[in-house]
Each structure stands twice: as C-alpha cells, then as structure tokens.
>>> print(open('upload_33.csv').read())   # CSV, C-alpha atoms and all ligand atoms
chain,number,residue,atom,x,y,z
A,1,MET,CA,24.5,-4.7,19.2
A,2,SER,CA,23.3,-3.6,22.7
A,3,VAL,CA,22.1,-0.1,23.4
A,4,LEU,CA,24.9,0.3,25.8
A,5,HIS,CA,27.4,-0.8,23.2
A,6,ALA,CA,26.0,1.6,20.7
A,7,HIS,CA,26.4,4.4,23.1
A,8,MET,CA,29.9,3.5,23.9
A,9,ARG,CA,30.8,3.4,20.2
A,10,SER,CA,29.3,6.8,19.6
A,11,LYS,CA,31.4,8.3,22.4
A,12,GLN,CA,34.6,6.7,21.1
A,13,THR,CA,33.9,7.9,17.6
A,14,PHE,CA,33.0,11.3,18.8
A,15,GLN,CA,36.3,11.6,20.7
A,16,ILE,CA,38.3,10.6,17.8
A,17,ILE,CA,36.7,13.0,15.3
A,18,SER,CA,35.5,15.7,17.7
A,19,HIS,CA,37.3,18.4,15.7
A,20,SER,CA,35.8,17.8,12.4
A,21,ALA,CA,32.7,15.6,13.0
A,22,PRO,CA,30.1,16.4,10.3
A,23,ARG,CA,26.7,17.4,11.2
A,24,VAL,CA,24.1,14.6,11.4
A,25,TYR,CA,20.7,15.2,9.8
A,26,VAL,CA,18.0,12.7,10.8
A,27,VAL,CA,15.2,12.7,8.2
A,28,ILE,CA,11.9,11.2,9.3
A,29,PRO,CA,9.0,10.9,6.9
A,30,THR,CA,5.6,10.8,8.6
A,31,LEU,CA,2.1,9.9,7.5
A,32,ASP,CA,-0.2,9.9,10.4
A,33,GLU,CA,2.2,8.7,13.1
A,34,GLU,CA,1.0,10.7,16.1
A,35,LYS,CA,1.2,7.6,18.3
A,36,SER,CA,5.0,7.1,17.8
A,37,ILE,CA,6.6,10.2,16.4
A,38,GLY,CA,7.1,11.8,19.8
A,39,GLU,CA,8.9,8.8,21.2
A,40,VAL,CA,11.1,8.4,18.1
A,41,VAL,CA,12.2,12.0,18.1
A,42,LYS,CA,13.0,11.9,21.8
A,43,ARG,CA,15.0,8.8,21.5
A,44,CYS,CA,16.9,10.2,18.5
A,45,LYS,CA,17.8,13.3,20.6
A,46,ILE,CA,19.2,11.1,23.4
A,47,ALA,CA,21.1,8.8,21.0
A,48,LEU,CA,22.7,11.8,19.2
A,49,ALA,CA,23.5,13.9,22.3
A,50,ALA,CA,27.2,13.7,21.6
A,51,PHE,CA,26.7,14.9,18.0
A,52,ASP,CA,25.9,18.1,16.3
A,53,TYR,CA,22.5,17.2,14.8
A,54,GLU,CA,19.2,18.4,13.4
A,55,ILE,CA,16.0,16.3,13.2
A,56,ILE,CA,13.8,16.9,10.1
A,57,VAL,CA,10.3,15.7,10.0
A,58,VAL,CA,8.8,15.6,6.5
A,59,ASP,CA,5.1,15.3,6.9
A,60,GLY,CA,2.0,14.5,5.0
A,61,SER,CA,-0.3,13.7,7.9
A,62,ARG,CA,-3.8,14.6,8.8
A,63,ASP,CA,-3.5,13.8,12.5
A,64,LYS,CA,-1.5,15.5,15.3
A,65,THR,CA,1.9,14.4,14.0
A,66,ARG,CA,2.9,17.9,12.9
A,67,GLU,CA,2.0,19.5,16.3
A,68,ILE,CA,4.0,16.9,18.2
A,69,ALA,CA,7.0,17.3,16.0
A,70,ARG,CA,6.9,21.1,16.2
A,71,ARG,CA,6.6,21.0,20.0
A,72,LEU,CA,9.7,18.8,20.1
A,73,GLY,CA,11.7,21.4,18.2
A,74,THR,CA,12.2,19.5,15.0
A,75,THR,CA,12.5,21.1,11.6
A,76,LEU,CA,9.2,20.6,10.0
A,77,LEU,CA,8.8,20.3,6.2
A,78,LYS,CA,5.8,19.6,4.1
A,79,GLU,CA,6.3,16.8,1.7
A,80,LYS,CA,6.5,18.0,-2.0
A,81,GLY,CA,4.2,15.6,-3.8
A,82,HIS,CA,3.0,12.5,-2.0
A,83,GLY,CA,4.6,9.3,-0.9
A,84,TYR,CA,7.5,7.8,1.0
A,85,GLY,CA,10.0,8.7,-1.7
A,86,ALA,CA,8.6,12.2,-2.2
A,87,ALA,CA,9.0,12.9,1.5
A,88,TYR,CA,12.6,11.8,1.5
A,89,LEU,CA,13.4,13.8,-1.7
A,90,THR,CA,12.0,16.8,0.1
A,91,GLY,CA,14.2,16.2,3.1
A,92,PHE,CA,17.3,15.5,1.0
A,93,GLU,CA,16.8,18.7,-0.9
A,94,TYR,CA,16.7,20.7,2.3
A,95,VAL,CA,19.9,19.1,3.6
A,96,LEU,CA,21.9,19.2,0.4
A,97,ASN,CA,21.0,22.9,-0.1
A,98,LYS,CA,23.1,23.6,3.0
A,99,GLN,CA,26.2,22.8,0.9
A,100,GLU,CA,28.1,21.2,3.8
A,101,ASP,CA,29.6,17.8,4.4
A,102,SER,CA,27.2,16.0,6.6
A,103,ILE,CA,25.6,12.6,7.3
A,104,ILE,CA,22.0,11.9,6.6
A,105,VAL,CA,20.1,9.3,8.7
A,106,MET,CA,16.9,7.9,7.4
A,107,ILE,CA,14.5,6.3,9.9
A,108,ASP,CA,10.8,5.5,10.1
A,109,ALA,CA,8.5,7.3,12.6
A,110,ASP,CA,6.8,4.0,13.7
A,111,SER,CA,9.2,2.8,16.4
A,112,THR,CA,10.3,-0.2,14.5
A,113,TYR,CA,13.9,0.8,14.3
A,114,SER,CA,15.9,1.7,17.4
A,115,PRO,CA,17.3,5.2,17.3
A,116,GLU,CA,19.9,4.0,19.8
A,117,ASP,CA,21.4,2.1,16.9
A,118,ILE,CA,22.1,5.4,15.0
A,119,PRO,CA,25.7,5.9,16.3
A,120,ALA,CA,26.5,2.3,15.3
A,121,LEU,CA,25.0,3.0,11.8
A,122,ILE,CA,26.9,6.3,11.2
A,123,ASP,CA,30.2,4.9,12.6
A,124,PRO,CA,31.4,3.3,9.4
A,125,ILE,CA,30.8,6.6,7.5
A,126,LEU,CA,32.7,8.6,10.2
A,127,GLU,CA,35.5,6.0,10.0
A,128,GLY,CA,35.7,6.4,6.2
A,129,GLU,CA,34.7,2.7,5.7
A,130,ALA,CA,31.4,3.4,4.0
A,131,ASP,CA,29.4,5.9,2.1
A,132,LEU,CA,26.1,4.2,2.7
A,133,ALA,CA,25.3,2.1,5.8
A,134,LEU,CA,22.2,-0.1,5.8
A,135,ALA,CA,20.5,-1.5,8.9
A,136,ASN,CA,20.2,-5.2,8.5
A,137,ARG,CA,17.1,-6.3,10.5
A,138,PHE,CA,17.3,-10.0,9.9
A,139,ALA,CA,20.0,-10.7,12.5
A,140,ASN,CA,17.8,-9.4,15.3
A,141,ILE,CA,14.2,-9.3,14.4
A,142,GLU,CA,11.4,-9.2,16.9
A,143,HIS,CA,8.9,-12.0,16.4
A,144,ASP,CA,5.9,-10.8,14.2
A,145,ALA,CA,7.7,-7.5,13.4
A,146,MET,CA,7.6,-8.3,9.6
A,147,PRO,CA,4.8,-10.2,8.0
A,148,LEU,CA,5.9,-13.4,6.2
A,149,ARG,CA,4.8,-11.9,2.9
A,150,ASN,CA,7.0,-8.9,3.3
A,151,ARG,CA,9.9,-11.0,4.6
A,152,LEU,CA,9.8,-13.3,1.5
A,153,GLY,CA,9.3,-10.3,-0.9
A,154,ASN,CA,12.3,-8.6,0.7
A,155,LYS,CA,14.5,-11.7,0.5
A,156,MET,CA,13.6,-12.1,-3.2
A,157,ILE,CA,14.2,-8.5,-4.1
A,158,SER,CA,17.4,-8.5,-2.1
A,159,LYS,CA,18.6,-11.5,-4.1
A,160,ILE,CA,17.7,-10.0,-7.4
A,161,VAL,CA,19.4,-6.7,-6.6
A,162,SER,CA,22.5,-8.5,-5.3
A,163,LYS,CA,22.7,-10.7,-8.5
A,164,LEU,CA,21.9,-8.1,-11.1
A,165,TYR,CA,24.0,-5.3,-9.7
A,166,GLY,CA,26.8,-7.3,-8.1
A,167,VAL,CA,26.4,-6.1,-4.5
A,168,LYS,CA,25.8,-8.3,-1.5
A,169,ILE,CA,22.8,-7.1,0.4
A,170,THR,CA,20.7,-9.0,2.9
A,171,ASP,CA,18.0,-6.5,3.6
A,172,SER,CA,17.5,-4.3,0.6
A,173,GLN,CA,14.2,-2.8,1.9
A,174,SER,CA,15.6,-1.6,5.2
A,175,GLY,CA,14.4,2.0,5.7
A,176,PHE,CA,17.0,2.7,8.4
A,177,ARG,CA,20.1,4.0,6.7
A,178,ALA,CA,22.9,6.5,7.0
A,179,ILE,CA,24.5,8.1,4.0
A,180,SER,CA,27.2,10.7,3.5
A,181,SER,CA,26.0,14.0,1.9
A,182,ASN,CA,28.8,13.6,-0.8
A,183,CYS,CA,27.4,10.2,-1.8
A,184,LEU,CA,23.8,11.4,-1.7
A,185,ARG,CA,24.6,14.4,-3.9
A,186,THR,CA,25.8,12.1,-6.8
A,187,MET,CA,22.5,10.1,-6.9
A,188,PHE,CA,19.8,10.6,-9.4
A,189,LEU,CA,16.7,9.7,-7.4
A,190,GLU,CA,13.1,10.1,-8.6
A,191,ALA,CA,10.9,7.4,-7.1
A,192,LYS,CA,8.0,9.0,-5.3
A,193,GLY,CA,7.0,5.9,-3.4
A,194,MET,CA,8.5,2.9,-1.5
A,195,PRO,CA,10.8,2.0,-4.5
A,196,LEU,CA,13.1,4.9,-3.4
A,197,ALA,CA,14.9,2.5,-1.1
A,198,THR,CA,15.8,0.2,-4.0
A,199,GLU,CA,16.6,3.1,-6.3
A,200,MET,CA,19.0,4.4,-3.8
A,201,LEU,CA,20.9,1.1,-3.5
A,202,ILE,CA,21.2,0.8,-7.3
A,203,GLU,CA,22.4,4.4,-7.6
A,204,ALA,CA,24.9,3.8,-4.8
A,205,ARG,CA,26.2,0.8,-6.7
A,206,LYS,CA,26.4,2.7,-10.0
A,207,MET,CA,28.4,5.5,-8.4
A,208,GLY,CA,30.8,2.9,-6.9
A,209,ALA,CA,29.8,3.8,-3.4
A,210,LYS,CA,31.0,1.7,-0.5
A,211,ILE,CA,28.0,0.0,1.1
A,212,VAL,CA,28.0,-1.8,4.5
A,213,GLU,CA,25.3,-3.5,6.5
A,214,VAL,CA,25.1,-3.1,10.2
A,215,SER,CA,23.0,-5.5,12.3
A,216,THR,CA,20.3,-3.7,14.2
A,217,LYS,CA,17.1,-4.6,16.0
A,218,TYR,CA,13.6,-4.5,14.5
A,219,HIS,CA,10.5,-4.2,16.5
A,220,VAL,CA,6.7,-4.6,16.0
A,221,ARG,CA,5.2,-1.4,14.6
A,222,VAL,CA,3.2,1.2,16.5
A,223,GLY,CA,0.2,2.2,14.3
A,224,GLU,CA,-0.6,1.0,10.8
A,225,SER,CA,1.9,0.3,8.0
A,226,LYS,CA,1.6,2.6,4.9
A,227,MET,CA,3.1,-0.1,2.7
A,228,ARG,CA,0.7,-1.8,0.3
A,229,ALA,CA,2.3,-5.2,-0.3
A,230,LEU,CA,1.0,-5.9,-3.7
A,231,ARG,CA,1.3,-2.5,-5.3
A,232,ASP,CA,4.5,-1.5,-3.6
A,233,GLY,CA,5.9,-5.0,-4.1
A,234,TYR,CA,5.4,-4.7,-7.9
A,235,GLY,CA,6.8,-1.2,-7.9
A,236,ILE,CA,9.9,-2.3,-6.1
A,237,LEU,CA,10.4,-5.4,-8.3
A,238,TRP,CA,10.0,-3.2,-11.4
A,239,THR,CA,12.6,-0.7,-10.1
A,240,SER,CA,15.0,-3.5,-9.3
A,241,LEU,CA,14.8,-4.8,-12.9
A,242,LYS,CA,14.4,-1.6,-15.0
A,243,LEU,CA,17.6,0.1,-13.9
A,244,VAL,CA,19.8,-2.8,-14.9
A,245,SER,CA,20.1,-1.6,-18.5
A,246,GLU,CA,21.8,1.5,-17.2
A,247,ILE,CA,24.4,-0.3,-15.3
A,248,ASN,CA,24.7,-3.5,-17.4
A,249,PRO,CA,23.0,-3.2,-20.7
A,250,PHE,CA,24.7,-6.3,-21.9
A,251,ILE,CA,22.6,-8.5,-19.6
A,252,ILE,CA,19.4,-7.3,-21.3
A,253,TYR,CA,20.5,-6.9,-24.9
A,254,GLY,CA,23.0,-9.8,-24.8
A,255,SER,CA,20.4,-12.3,-23.6
A,256,LEU,CA,17.7,-10.9,-25.9
A,257,GLY,CA,20.1,-11.1,-28.8
A,258,ALA,CA,21.2,-14.6,-28.0
A,259,LEU,CA,17.5,-15.7,-27.7
A,260,PHE,CA,16.7,-14.3,-31.1
A,261,PHE,CA,19.7,-15.9,-32.6
A,262,LEU,CA,18.7,-19.3,-31.1
A,263,LEU,CA,15.2,-18.9,-32.5
A,264,GLY,CA,16.7,-18.0,-35.9
A,265,ILE,CA,18.9,-21.2,-35.8
A,266,THR,CA,15.9,-23.3,-34.9
A,267,PHE,CA,13.8,-22.0,-37.7
A,268,GLY,CA,16.7,-22.3,-40.0
A,269,ALA,CA,17.3,-26.0,-39.1
A,270,TYR,CA,13.6,-26.7,-39.7
A,271,ALA,CA,13.7,-25.1,-43.1
A,272,PHE,CA,17.0,-26.9,-44.0
A,273,ILE,CA,15.6,-30.3,-43.1
A,274,GLY,CA,12.6,-29.6,-45.3
A,275,TRP,CA,14.8,-28.5,-48.1
A,276,TYR,CA,17.0,-31.7,-47.7
A,277,GLU,CA,14.0,-34.0,-47.9
A,278,TRP,CA,12.7,-32.2,-51.0
A,279,GLN,CA,16.1,-32.2,-52.7
A,280,PHE,CA,17.4,-35.7,-51.9
A,281,LEU,CA,14.6,-37.8,-50.5
A,282,GLY,CA,12.0,-37.1,-53.1
A,283,ALA,CA,9.5,-35.0,-51.1
A,284,GLY,CA,7.0,-32.8,-53.0
A,285,THR,CA,7.7,-29.1,-53.4
A,286,TRP,CA,9.8,-27.4,-50.6
A,287,PRO,CA,7.2,-26.3,-48.1
A,288,ARG,CA,9.2,-24.3,-45.6
A,289,LEU,CA,9.8,-20.9,-47.1
A,290,GLY,CA,8.1,-19.1,-44.1
A,291,SER,CA,10.5,-20.8,-41.7
A,292,ALA,CA,13.5,-19.8,-43.8
A,293,MET,CA,12.4,-16.2,-43.8
A,294,LEU,CA,11.8,-16.1,-40.1
A,295,SER,CA,15.2,-17.7,-39.6
A,296,VAL,CA,16.9,-14.9,-41.5
A,297,LEU,CA,14.8,-12.3,-39.6
A,298,PHE,CA,15.7,-13.7,-36.2
A,299,VAL,CA,19.4,-14.3,-37.0
A,300,VAL,CA,19.8,-10.7,-38.4
A,301,GLY,CA,17.7,-9.2,-35.6
A,302,GLY,CA,19.5,-11.1,-32.9
A,303,THR,CA,22.9,-10.1,-34.2
A,304,VAL,CA,21.9,-6.4,-34.3
A,305,ILE,CA,20.5,-6.5,-30.8
A,306,PHE,CA,23.6,-8.3,-29.5
A,307,GLY,CA,25.8,-5.7,-31.2
A,308,LEU,CA,23.7,-3.0,-29.7
A,309,GLY,CA,24.4,-4.5,-26.3
A,310,ILE,CA,28.1,-4.4,-26.9
A,311,LEU,CA,27.9,-0.9,-28.2
A,312,LEU,CA,25.9,0.4,-25.2
A,313,ASP,CA,28.2,-1.4,-22.8
A,314,SER,CA,31.3,0.3,-24.1
A,315,LEU,CA,29.5,3.6,-24.4
A,316,LEU,CA,28.4,3.4,-20.7
A,317,ARG,CA,31.9,2.4,-19.7
A,318,TYR,CA,33.3,5.4,-21.6
A,319,MET,CA,30.8,7.7,-19.9
A,320,ARG,CA,31.6,6.3,-16.5
A,321,ALA,CA,35.3,6.6,-17.0
A,322,THR,CA,34.9,10.2,-18.1
A,323,ALA,CA,32.7,11.0,-15.0
A,324,TYR,CA,35.2,9.2,-12.8
A,325,ARG,CA,38.1,11.3,-14.2
A,326,GLU,CA,36.1,14.5,-13.8
A,327,ARG,CA,35.4,13.7,-10.2
A,328,ALA,CA,39.1,12.9,-9.6
A,329,THR,CA,40.1,16.2,-11.1
A,330,ILE,CA,37.7,18.1,-8.9
A,331,ARG,CA,39.0,16.3,-5.8
A,332,ASN,CA,42.6,17.0,-6.6
A,333,SER,CA,42.1,20.7,-7.4
B,1,LIG,N1,5.4,12.1,4.5
B,1,LIG,C1,5.1,10.8,4.2
B,1,LIG,N2,5.5,9.8,4.9
B,1,LIG,C2,5.2,8.6,4.6
B,1,LIG,C3,4.4,8.3,3.5
B,1,LIG,N3,4.2,6.9,3.4
B,1,LIG,C4,4.9,6.4,4.4
B,1,LIG,N4,5.5,7.4,5.1
B,1,LIG,C5,6.3,7.2,6.3
B,1,LIG,O1,7.4,6.5,6.0
B,1,LIG,C6,7.8,5.6,7.0
B,1,LIG,C7,7.8,4.2,6.4
B,1,LIG,O2,6.5,3.8,6.2
B,1,LIG,P1,5.9,2.5,6.8
B,1,LIG,O3,4.4,2.5,6.8
B,1,LIG,O4,6.5,2.3,8.2
B,1,LIG,O5,6.4,1.4,5.8
B,1,LIG,P2,7.0,-0.1,6.2
B,1,LIG,O6,8.1,0.2,7.1
B,1,LIG,O7,7.4,-0.6,4.9
B,1,LIG,O8,5.8,-0.8,6.7
B,1,LIG,C8,6.8,5.9,8.1
B,1,LIG,O9,7.4,6.7,9.1
B,1,LIG,C9,5.6,6.5,7.4
B,1,LIG,O10,4.9,7.3,8.3
B,1,LIG,C10,3.9,9.4,2.7
B,1,LIG,O11,3.1,9.2,1.7
B,1,LIG,N5,4.2,10.6,3.1
B,2,MG,MG,8.1,1.1,9.0
>>> encode(input="upload_33.csv", output="structure tokens")
Amino acid sequence: MSVLHAHMRSKQTFQIISHSAPRVYVVIPTLDEEKSIGEVVKRCKIALAAFDYEIIVVDGSRDKTREIARRLGTTLLKEKGHGYGAAYLTGFEYVLNKQEDSIIVMIDADSTYSPEDIPALIDPILEGEADLALANRFANIEHDAMPLRNRLGNKMISKIVSKLYGVKITDSQSGFRAISSNCLRTMFLEAKGMPLATEMLIEARKMGAKIVEVSTKYHVRVGESKMRALRDGYGILWTSLKLVSEINPFIIYGSLGALFFLLGITFGAYAFIGWYEWQFLGAGTWPRLGSAMLSVLFVVGGTVIFGLGILLDSLLRYMRATAYRERATIRNS
C-alpha cells in the first residue's frame, strides 16, 4: 500500500471513530540505534498526527539513542532485564498499567519498517476485524533487506507455526505489529529474547484472537542487526514446538503413544514368530523372551501415553471452556 493510501485510510478511519478512538501506544525497543531512532520517531509522529498517541522507547543502549529519544519527547523506559522480549515486556507493562482500551504498535528502531504503514496496520483493529495485525513483509520486500538465511528460517518457522497451531501466517517473525490492549492483557508472555514474537502468535491463537496480516514494505536496515541467526533461530524453533502441548497435547502424546504401540507390536511379532518356529517347526528352545518382554512394555507404555493424551486434551478443553464462559460473563455484566 502506498504511503498516500495509508494516510488516506488513516483519515477515513479517524473520521469514522473520532469520538471513541482508542489511544495508540507505539513501543520501540532500542539497542544502540542512534543512527535511526530519530528518523523512526519523527516518521511515527507524522503518521499518527490524526491519532491520540504516545511513543515509548524501551532502551538498553550504550550510545546516544536515549538522548535522541528524550529530545524528541518520547516516553523513555529502561528495559527490565535484557533482550528484545524483555524490552517489549517492559513497554507492555507500562501500557497495560494504564487500565484503558488502547492499541499497541510494535516497531523496530532500525528504519526497516515504514511508520507510514501504521494507520493501515491498526485499521483492522479499529474496525473490529482483528485483535492482532501483523505486517507481512514478503509482498513488498526491498532487495537485500532480509538475508537468505533469515528468509528461509522465517518461512520454515511460519510453516511450522501455521501447521501446528492451525493459523495461516506468512511472516511469523515480523516485528511490526499492532494489537489491542484487551488481547495483549490475556496473553501469558515470558520470552526475554527474539522468541517473544513467536510466543505472542501462539498465545493469540490460544486465546482465539483474530489475526490478520497486512502487506507492508520492508527496507534495508540502518545499523547492525541484533539478531544472532543460529542462537535466536534455535530459540524461535524451540518456542514454536514446545508450546504445542499446551494447545494440542494430543499431537505430542498421541503420536508418542502410537509410536510406542507400533514398537510393541513389532517386538511382539518377532517374539511370536520365534515361538511359532519353536513350537511347530522344531527349532531349539524359544529364544525371544527379551523381545516378548519389550513388546509388553511398549504396548502398555504406549497405551498409557495415548490415554494421557486424550485425558490432557479433554482437561484442556474443559479449562478453555471454563475460561471462555468466565470471560463471557464479565463482558455481559
Ligand atoms: N532494549 C533492547 N532492544 C533490543 C534488544 N535487542 C534488539 N533490540 C531492538 O529490537 C529491534 C529489533 O532488533 P533487530 O536487530 O532489528 O532484529 P531483526 O529485525 O531481527 O534483525 C531493534 O529496534 C533493536 O534495537 C535488546 O536487548 N534490548
Ligand atoms: Mg529489525
């Protein structure tokens, strides 16, 4: 979407909801971004001129980032702990403590995302069409903006998250997002590093939030990336996998149980053939007692694990239903 178009949309939206438009909080984590923070903040201000907004910079820098952010009148917070996730959690805490209905925008300080796209990103939330809007960079990516390694890693993680959690997401690692305060409040987030982005998606899915992707531009970065592909990549992959037992325990316990059961059957068949040869075909003594014991062990173990999967699944469903009913009661009262 063009810059002009984004502006036009923001004005339209603003006119429609001018009486009750929620405040927009832009949270920007910064780690040594003196080269670009000034420009990003200024562009955010222009893009949000028609809105009631506050820009929050959550900093962990040793360069001049803080001074620049202060001079531009942003709310300056010091990150609690260290890392991309820790910085966001600090910013979220600040916003949610205000106890108001608002929209939170997440954006990098490195000039990769276009602040001019913010109105287009918050639009679906204002319109009630989404709780979480993700910028999808792949539709409009500047050449060389994302290293091939990151691009492939992102594609893979996005596929895994989409398959495991039943959401359709093209760009799971996009750090340009908008979320309603009501949705953010329900999320249990604890990742201190880059996996926060993934954790947030999974939490959104768990809470039954409406997620949309908005196509935005993506530019070459100013300054150095703080992402460490290997370490962060593994962290993100692990986060994508580990939370599945919370939303769909049957995938894990069901397949593990089935695998054990199959192993048990295989050992059992092997033992049975040995017994048959000994009994009817005149082989020596029956040699496969070990296999028979393993067979019993795996079949019993597999059945127990499978049962556990079913049990956890219904327990989780029960808990979710209870939470859903509680939320509905609160809303109606
Ligand atoms: N406060 C804080 N900000 C961070 C930290 N790590 C990264 N950031 C900021 O988070 C944003 C995303 O990091 P970036 O290096 O752009 O990651 P990439 O987009 O995956 O390459 C940038 O604005 C960084 O300055 C951190 O440890 N503390
Ligand atoms: Mg970045």
>>> residues_near_ligand(input="upload_33.csv", ligand="ligand LIG 1 (chain B)", cutoff="6 Å", atoms="only C-alpha atoms and all ligand atoms", output="PyMOL selection string")
chain A and resi 29-31+33+58-60+79+82-84+87+108-110+225-227
>>> residues_near_ligand(input="upload_33.csv", ligand="ligand MG 2 (chain B)", cutoff="12 Å", atoms="all atoms listed in the file", output="number ranges by chain")
A: 28-31, 33, 36-37, 84, 106-114, 137, 145-147, 150, 173-176, 194, 218-228
>>> atom_distance(input="upload_33.csv", atom1="CA of Ser180 (chain A)", atom2="CA of Lys42 (chain A)")
23.2 Å
>>> atom_distance(input="upload_33.csv", atom1="CA of Leu230 (chain A)", atom2="CA of Ile160 (chain A)")
17.6 Å
>>> axis_aligned_box(input="upload_33.csv", around="region 55-71 of chain A", padding_each_side="8 Å", output="AutoDock Vina command-line options")
--center_x 6.1 --center_y 17.4 --center_z 12.5 --size_x 35.8 --size_y 23.4 --size_z 31.0
>>> atom_distance(input="upload_33.csv", atom1="CA of Ala197 (chain A)", atom2="CA of Ile103 (chain A)")
16.9 Å
>>> residues_around(input="upload_33.csv", residues="Trp286 (chain A)", least_positions_apart="3", cutoff="12 Å", atoms="all atoms listed in the file", output="VMD selection string")
chain A and resid 270 to 283 289 to 292
>>> residues_near_point(input="upload_33.csv", point="(32.4, 2.9, 2.4)", cutoff="10 Å", atoms="all atoms listed in the file", output="ChimeraX atom specification")
/A:124-133,179-180,183,208-212
>>> write_last_selection(input="upload_33.csv", atoms="C-alpha atoms", output="CSV table (one decimal), keeping the file's coordinate frame")
chain,number,residue,atom,x,y,z
A,124,PRO,CA,31.4,3.3,9.4
A,125,ILE,CA,30.8,6.6,7.5
A,126,LEU,CA,32.7,8.6,10.2
A,127,GLU,CA,35.5,6.0,10.0
A,128,GLY,CA,35.7,6.4,6.2
A,129,GLU,CA,34.7,2.7,5.7
A,130,ALA,CA,31.4,3.4,4.0
A,131,ASP,CA,29.4,5.9,2.1
A,132,LEU,CA,26.1,4.2,2.7
A,133,ALA,CA,25.3,2.1,5.8
A,179,ILE,CA,24.5,8.1,4.0
A,180,SER,CA,27.2,10.7,3.5
A,183,CYS,CA,27.4,10.2,-1.8
A,208,GLY,CA,30.8,2.9,-6.9
A,209,ALA,CA,29.8,3.8,-3.4
A,210,LYS,CA,31.0,1.7,-0.5
A,211,ILE,CA,28.0,0.0,1.1
A,212,VAL,CA,28.0,-1.8,4.5
>>> closest_residue(input="upload_33.csv", among="A:Ile310, A:Leu237, A:Ile56, A:Val299", to="Ile265 (chain A)", atoms="all atoms listed in the file")
A:Val299
>>> closest_residue(input="upload_33.csv", among="A:Ala86, A:Val214, A:Leu96, A:Ala47", to="Pro195 (chain A)", atoms="only C-alpha atoms")
A:Ala86
>>> closest_residue(input="upload_33.csv", among="A:Gly257, A:Arg325, A:Leu72, A:Arg320", to="Glu39 (chain A)", atoms="only C-alpha atoms")
A:Leu72
>>> residues_around(input="upload_33.csv", residues="Leu196 (chain A)", least_positions_apart="5", cutoff="9 Å", atoms="only C-alpha atoms", output="list in words")
Tyr84, Gly85, Ala86, Tyr88, Leu189, Glu190, Ala191, Leu201, Ile236 and Thr239 of chain A
>>> residues_around(input="upload_33.csv", residues="Met187 (chain A)", least_positions_apart="4", cutoff="8 Å", atoms="only C-alpha atoms", output="compact mmCIF listing (two decimals) with C-alpha atoms, in the coordinates of the input")
# COMPACT_ATOMS: atom_id res chain seq x y z
CA CYS A 183 27.40 10.20 -1.80
CA MET A 200 19.00 4.40 -3.80
CA GLU A 203 22.40 4.40 -7.60
CA ALA A 204 24.90 3.80 -4.80
CA MET A 207 28.40 5.50 -8.40
>>> closest_residue(input="upload_33.csv", among="A:Ala229, A:Ile202, A:Lys163, A:Pro119", to="Ala50 (chain A)", atoms="all atoms listed in the file")
A:Pro119
>>> closest_residue(input="upload_33.csv", among="A:Leu311, A:Leu241, A:Val27, A:Ala69", to="Ile55 (chain A)", atoms="all atoms listed in the file")
A:Val27
>>> decode(input="upload_33.csv", residues="region 233-284 of chain A", atoms="C-alpha atoms", output="compact mmCIF listing (two decimals), in the first residue's frame")
# COMPACT_ATOMS: atom_id res chain seq x y z
CA GLY A 233 16.88 -19.38 15.26
CA TYR A 234 17.05 -22.35 17.64
CA GLY A 235 15.29 -20.35 20.35
CA ILE A 236 12.45 -19.48 18.00
CA LEU A 237 12.19 -23.06 16.70
CA TRP A 238 12.08 -24.43 20.24
CA THR A 239 9.38 -21.93 21.22
CA SER A 240 7.34 -22.92 18.15
CA LEU A 241 7.45 -26.58 19.20
CA LYS A 242 7.33 -26.54 22.98
CA LEU A 243 4.04 -24.69 23.36
CA VAL A 244 2.10 -27.14 21.22
CA SER A 245 1.43 -29.45 24.17
CA GLU A 246 -0.45 -26.56 25.78
CA ILE A 247 -2.79 -26.12 22.88
CA ASN A 248 -2.86 -29.59 21.38
CA PRO A 249 -1.37 -32.19 23.75
CA PHE A 250 -2.82 -34.95 21.62
CA ILE A 251 -0.32 -34.20 18.81
CA ILE A 252 2.59 -34.96 21.16
CA TYR A 253 1.15 -37.68 23.41
CA GLY A 254 -0.93 -39.26 20.68
CA SER A 255 1.98 -39.68 18.28
CA LEU A 256 4.40 -40.79 21.02
CA GLY A 257 1.82 -43.30 22.25
CA ALA A 258 1.22 -44.57 18.72
CA LEU A 259 4.97 -44.91 18.13
CA PHE A 260 5.41 -46.93 21.33
CA PHE A 261 2.44 -49.08 20.41
CA LEU A 262 3.92 -49.82 16.97
CA LEU A 263 7.29 -50.70 18.50
CA GLY A 264 5.47 -53.03 20.91
CA ILE A 265 3.65 -54.74 18.04
CA THR A 266 6.94 -55.16 16.13
CA PHE A 267 8.71 -56.75 19.11
CA GLY A 268 5.62 -58.86 19.73
CA ALA A 269 5.56 -60.14 16.14
CA TYR A 270 9.25 -61.00 16.33
CA ALA A 271 8.72 -62.93 19.59
CA PHE A 272 5.63 -64.67 18.19
CA ILE A 273 7.45 -65.86 15.05
CA GLY A 274 10.22 -67.26 17.27
CA TRP A 275 7.66 -69.02 19.43
CA TYR A 276 5.89 -70.46 16.33
CA GLU A 277 9.16 -71.87 14.95
CA TRP A 278 9.96 -73.44 18.31
CA GLN A 279 6.50 -74.91 18.83
CA PHE A 280 5.69 -76.16 15.33
CA LEU A 281 8.81 -76.19 13.17
CA GLY A 282 11.13 -77.96 15.58
CA ALA A 283 13.52 -75.11 16.45
CA GLY A 284 15.56 -75.44 19.68
